[in-house]
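Peer 1: What follows is a single structure, and I will ask about it in a moment.
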2 protein chains.
Amino acid sequence: MFEEKIILRIPGPTPIPPRVQQAMTRPMIGHRSGQFSKILSDVAEKIKPVFGTTQQVYVLAGSGTSALEMSVVNTLQAGDEAIVTISGAFGERFAKICERYNIIVHRLEVAWGEAITPELLQDFLTQHPMAKAVFATYCETSSGVLNPIPELSQVVKTHSNALFIVDAVSCLGAVPCEMDEWGLDIVVTGSQKAFMLPTGLAFIAVSEQAWKRIEQITPQAFYLDLKAYRKSMAEQTTPYTPAVSLVFGLEEVVAMLEEEGLPQVFARHELMKEMTRAAMRALGLPLMTDDVYASPTVTSVDPGDLFDAEELRKILRTKYNVIIAGGQQHVKGKIFRIGHMGYCDPQDMLTVIALIEIALKQIGYEITLGAGVCAAQEVLIQHG
Amino acid sequence: MFEEKIILRIPGPTPIPPRVQQAMTRPMIGHRSGQFSKILSDVAEKIKPVFGTTQQVYVLAGSGTSALEMSVVNTLQAGDEAIVTISGAFGERFAKICERYNIIVHRLEVAWGEAITPELLQDFLTQHPMAKAVFATYCETSSGVLNPIPELSQVVKTHSNALFIVDAVSCLGAVPCEMDEWGLDIVVTGSQKAFMLPTGLAFIAVSEQAWKRIEQITPQAFYLDLKAYRKSMAEQTTPYTPAVSLVFGLEEVVAMLEEEGLPQVFARHELMKEMTRAAMRALGLPLMTDDVYASPTVTSVDPGDLFDAEELRKILRTKYNVIIAGGQQHVKGKIFRIGHMGYCDPQDMLTVIALIEIALKQIGYEITLGAGVCAAQEVLIQHG
């Protein structure tokens, strides 16, 4: 086994394409140079279709959480009310950030594996008419649920004046996002998921309505002050030192997305999801999410008492160099999650399914070898 | 001219050594894996001598400014008083961050090119006895001044109970720093200067005395909450997604610093400074800082009415692919700055000096070709 030949199938970070790796090794340049300004404004422009917006997209040196915090601290102040929809660990993070800033949080929570429905949100909005913002998670990474963002947005826009703020970290670039058309006010994502980059960059796009609110607030933040980023981007630069080599990589990523075409990128992720789910079903493994709300980027499996998810992960890791994710928080040690996003294709799914089958056998769980692979093959063949 | 063969002589970002570049192209791994935990705790340990501390050093995905803000928001609260010593643009940044958090700022300012002296600070401390923190800039990048941090620290410790917080972004790893011995409470730096990495990582080390203050405060911050980093580092991890590929590079950087030896690293920077200053003097170009306070990492030259600094920079950039820095704020367009830190050696200094000479000739400023080079050669020969 080649130690560095890792089969990385977690929901981020995801594998880096060789041409992106290569771009990141370009010799360093000054971040205040015209050369860097050109690259920055070019990628910021080309990334807009991924968000489905004509608004400026801002690039931040930081993790996804830094941009989530940016969306909170620039739009709300202490004492303001907000609705946070929570379908897993990352919805909970939004709530924690709000609470740190003494924002009054109304939690709309569903069990892990379930989605926030428009009906639930509409009810909740009626109960909390003072909410100035509604926070939602597009793909809840911890459960593999894809929340119905366009429908939720419509509910928010129809029944309130609240801003609708979306964490799209673990799916943007893998699923459709029409920020402007759907009426989303802020969309946040990170570099290490469907964007095929290393960790370290975050992205945030902001609607005109959100800017109206932001302009009225002096945020209790300096590095995360959105107005500073807007002012700098008008001059094709950043207020603080950007992560130059990651932006070199991003230039290559937007080229790759353009070449493949966004509809094809989305279809590839949809196909990988279908293959994975068909395989798990064929092996008799319980999926954590319903088909309707299953994310094209990550699939969660909850084996319950069938076998030990951690034992499976350990065999995969130590014997076959396959890294799949475990559970977080209260499902830690209980579930496993297969990431299928970014630099990943249907062929890769066949590999990981075949190896999961072998590992299941080896931990003593009875399956028919090849049953999962066969189901996935059929999905692939049908796809043509 | 090879377009990508840039001679990057600005005070950050600095050139990346090939072996560091190569390390950063290692295939991505999960940031919650044992493998990453091992690398993280290993580099965090090996980086301690650079800070001169036995305290934990925390690694943050963000620019230097994010860590400067971290040092403010975790130690002070609205209404607290602080002294900010300002010898240039980055001292001013500390003041702005404090003011954003409604901290009462007492500015101790000197002209650009001058240093904050212990006498000045002692006087100022007497005038502002309620200050809970004193902020200082080790190397003021905008002028090339190296402030006398050990002496300033002694004054703070002798005459107050204030915390002493140091921005060492543009010199740490190039000059001695004995955080524990000198009594520094917080030391902050970034990855893109003497650390020879791309931009995107920041570092912060914290004294026990500072922790006592930090423990009493719930910071108005989430991503920059130091206690979250301490809690996570105790488990060999980070609270939010770290910049994995940059940490791969950091592993190589600490190896390089170990191999060369810190005293030799510091001597190399000292030598590059001496060569640069001798050359500028031999060419009759006015240095912006006194020898006593000149930084080993960056040299500022203020040509006054002798010639147009921007014209010089333009010729260097367009004809010879040499990038030197201009001035910031009120000296923008008036001065130029030569960076000599990180992956840079005396041989490189001869190149940049020779090319500056040619460019001076070409903008019509009369010098004797070779005079600067010769002065630098003599310094190098004397050094043995």
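Following the order of the structure tokens, chains are lettered A, B, ..., residues in each are numbered from 1, and ligands are numbered from 1.
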As a PyMOL selection string, please: the residues near B:Phe164 (cut-off 12 Å, only C-alpha atoms, same-chain neighbours under 4 positions excluded).
Peer 2: chain B and resi 71-72+75+82-85+121+131-138+149-160+179-180+182-188+206-207+209-210
Peer 1: Chain A residues within 6 Å of chain B, counting only C-alpha atoms: which ones, as a PyMOL selection string?
Peer 2: chain A and resi 13+15+21+25+28+30+61-63+66+199-200+223+241+243-244
Peer 1: Which residues, written as a VMD selection string, have at least one atom at most 12 Å from A:Ile86, with only C-alpha atoms counted and residues fewer than 4 positions away on the same chain left out?
Peer 2: chain A and resid 90 to 96 105 to 117 120 to 121 134 to 143 145 147 166 to 167
Peer 1: Between B:Val57, B:Asp291, B:Pro286, B:Tyr343, which is the closest to B:Asp305 once you count only C-alpha atoms?
Peer 2: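 Checking each of B:Val57, B:Asp291, B:Pro286, B:Tyr343 against B:Asp305, counting only C-alpha atoms, the winner is B:Pro286.
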Peer 1: I'd like to know which residues of stretch 51-200 of chain B are strand (DSSP E) (by DSSP, run on the backbone); could you write them as a PyMOL selection string?
Peer 2: chain B and resi 57-61+81-86+104-109+133-137+139-140+145-146+163-167+186-190
Peer 1: Just checking: using only C-alpha atoms, which residue out of B:Thr237, B:Thr189, B:Asn321, B:Thr297 ends up closest to B:Ile47?
Peer 2: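 That would be B:Thr189, the residue with the smallest distance to B:Ile47.
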Peer 1: Going by DSSP on the backbone, which residues of stretch 112-230 of chain B come out as alpha helix (DSSP H)? List them as a ChimeraX atom specification.
Peer 2: /B:118-127,149-159,179-182,208-215,226-230
Peer 1: Put those residues in a file: N, CA and C atoms, as a CSV table (one decimal), in the first residue's frame.
Peer 2:
```csv
chain,number,residue,atom,x,y,z
B,118,PRO,N,12.3,53.3,25.1
B,118,PRO,CA,11.9,53.0,26.5
B,118,PRO,C,11.5,54.3,27.3
B,119,GLU,N,12.3,55.3,27.1
B,119,GLU,CA,12.0,56.6,27.8
B,119,GLU,C,10.6,57.1,27.5
B,120,LEU,N,10.3,57.2,26.2
B,120,LEU,CA,9.0,57.7,25.7
B,120,LEU,C,7.9,56.9,26.4
B,121,LEU,N,8.1,55.5,26.3
B,121,LEU,CA,7.0,54.7,26.8
B,121,LEU,C,6.9,54.8,28.3
B,122,GLN,N,8.0,55.0,29.1
B,122,GLN,CA,7.9,55.1,30.5
B,122,GLN,C,7.1,56.4,30.9
B,123,ASP,N,7.4,57.5,30.2
B,123,ASP,CA,6.7,58.7,30.4
B,123,ASP,C,5.2,58.5,30.2
B,124,PHE,N,4.9,57.9,29.1
B,124,PHE,CA,3.5,57.7,28.6
B,124,PHE,C,2.7,56.8,29.6
B,125,LEU,N,3.4,55.8,30.1
B,125,LEU,CA,2.8,54.9,31.1
B,125,LEU,C,2.4,55.7,32.4
B,126,THR,N,3.2,56.6,32.8
B,126,THR,CA,3.0,57.4,33.9
B,126,THR,C,1.7,58.3,33.7
B,127,GLN,N,1.6,58.7,32.5
B,127,GLN,CA,0.4,59.6,32.1
B,127,GLN,C,-0.9,58.7,32.0
B,149,ILE,N,12.0,45.8,21.6
B,149,ILE,CA,10.9,45.1,22.3
B,149,ILE,C,11.4,44.7,23.7
B,150,PRO,N,12.6,44.1,23.9
B,150,PRO,CA,13.0,43.7,25.3
B,150,PRO,C,13.0,44.9,26.2
B,151,GLU,N,13.5,46.0,25.8
B,151,GLU,CA,13.6,47.2,26.7
B,151,GLU,C,12.2,47.7,26.9
B,152,LEU,N,11.3,47.8,25.9
B,152,LEU,CA,10.0,48.3,26.1
B,152,LEU,C,9.2,47.4,27.1
B,153,SER,N,9.5,46.1,26.9
B,153,SER,CA,8.8,45.1,27.8
B,153,SER,C,9.2,45.3,29.3
B,154,GLN,N,10.5,45.6,29.5
B,154,GLN,CA,11.0,45.8,30.8
B,154,GLN,C,10.3,47.1,31.4
B,155,VAL,N,10.1,48.1,30.6
B,155,VAL,CA,9.5,49.3,31.1
B,155,VAL,C,8.0,49.0,31.5
B,156,VAL,N,7.3,48.2,30.6
B,156,VAL,CA,5.9,47.9,30.9
B,156,VAL,C,5.8,47.1,32.2
B,157,LYS,N,6.7,46.1,32.4
B,157,LYS,CA,6.6,45.2,33.5
B,157,LYS,C,7.0,45.9,34.8
B,158,THR,N,8.0,46.9,34.7
B,158,THR,CA,8.4,47.6,35.9
B,158,THR,C,7.4,48.7,36.3
B,159,HIS,N,6.8,49.3,35.4
B,159,HIS,CA,6.0,50.5,35.7
B,159,HIS,C,4.5,50.3,35.6
B,179,MET,N,10.2,35.4,24.1
B,179,MET,CA,9.0,35.8,24.7
B,179,MET,C,8.9,35.6,26.2
B,180,ASP,N,9.4,34.5,26.7
B,180,ASP,CA,9.3,34.2,28.1
B,180,ASP,C,10.3,35.0,28.9
B,181,GLU,N,11.5,35.0,28.4
B,181,GLU,CA,12.6,35.8,29.1
B,181,GLU,C,12.3,37.3,29.1
B,182,TRP,N,11.8,37.8,28.0
B,182,TRP,CA,11.5,39.2,27.9
B,182,TRP,C,10.2,39.6,28.6
B,208,GLU,N,1.1,33.0,30.6
B,208,GLU,CA,0.2,32.7,31.6
B,208,GLU,C,-0.5,33.9,32.2
B,209,GLN,N,0.2,35.0,32.3
B,209,GLN,CA,-0.4,36.2,32.8
B,209,GLN,C,-1.6,36.6,31.9
B,210,ALA,N,-1.3,36.5,30.6
B,210,ALA,CA,-2.4,36.9,29.7
B,210,ALA,C,-3.6,35.9,29.8
B,211,TRP,N,-3.3,34.6,30.0
B,211,TRP,CA,-4.4,33.7,30.1
B,211,TRP,C,-5.3,34.0,31.3
B,212,LYS,N,-4.7,34.5,32.4
B,212,LYS,CA,-5.5,34.9,33.5
B,212,LYS,C,-6.5,35.9,33.1
B,213,ARG,N,-6.1,36.9,32.3
B,213,ARG,CA,-7.0,37.9,31.9
B,213,ARG,C,-8.1,37.3,30.9
B,214,ILE,N,-7.6,36.5,30.0
B,214,ILE,CA,-8.4,36.0,28.9
B,214,ILE,C,-9.5,35.1,29.6
B,215,GLU,N,-9.2,34.4,30.6
B,215,GLU,CA,-10.1,33.5,31.3
B,215,GLU,C,-11.3,34.3,31.9
B,226,LEU,N,-9.9,32.7,21.7
B,226,LEU,CA,-8.6,32.0,22.0
B,226,LEU,C,-8.9,30.7,22.9
B,227,LYS,N,-9.9,30.8,23.7
B,227,LYS,CA,-10.2,29.7,24.6
B,227,LYS,C,-10.6,28.5,23.8
B,228,ALA,N,-11.3,28.7,22.7
B,228,ALA,CA,-11.7,27.6,21.8
B,228,ALA,C,-10.4,26.9,21.2
B,229,TYR,N,-9.4,27.7,20.9
B,229,TYR,CA,-8.2,27.1,20.3
B,229,TYR,C,-7.4,26.4,21.4
B,230,ARG,N,-7.4,26.9,22.6
B,230,ARG,CA,-6.7,26.2,23.7
B,230,ARG,C,-7.3,24.8,24.0
```
Peer 1: Measure the distance from atom CA of B:Thr54 to atom CA of B:Asn74 in Å and round it to one decimal.
Peer 2: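 Rounded to one decimal, the two atoms are 20.5 Å apart.
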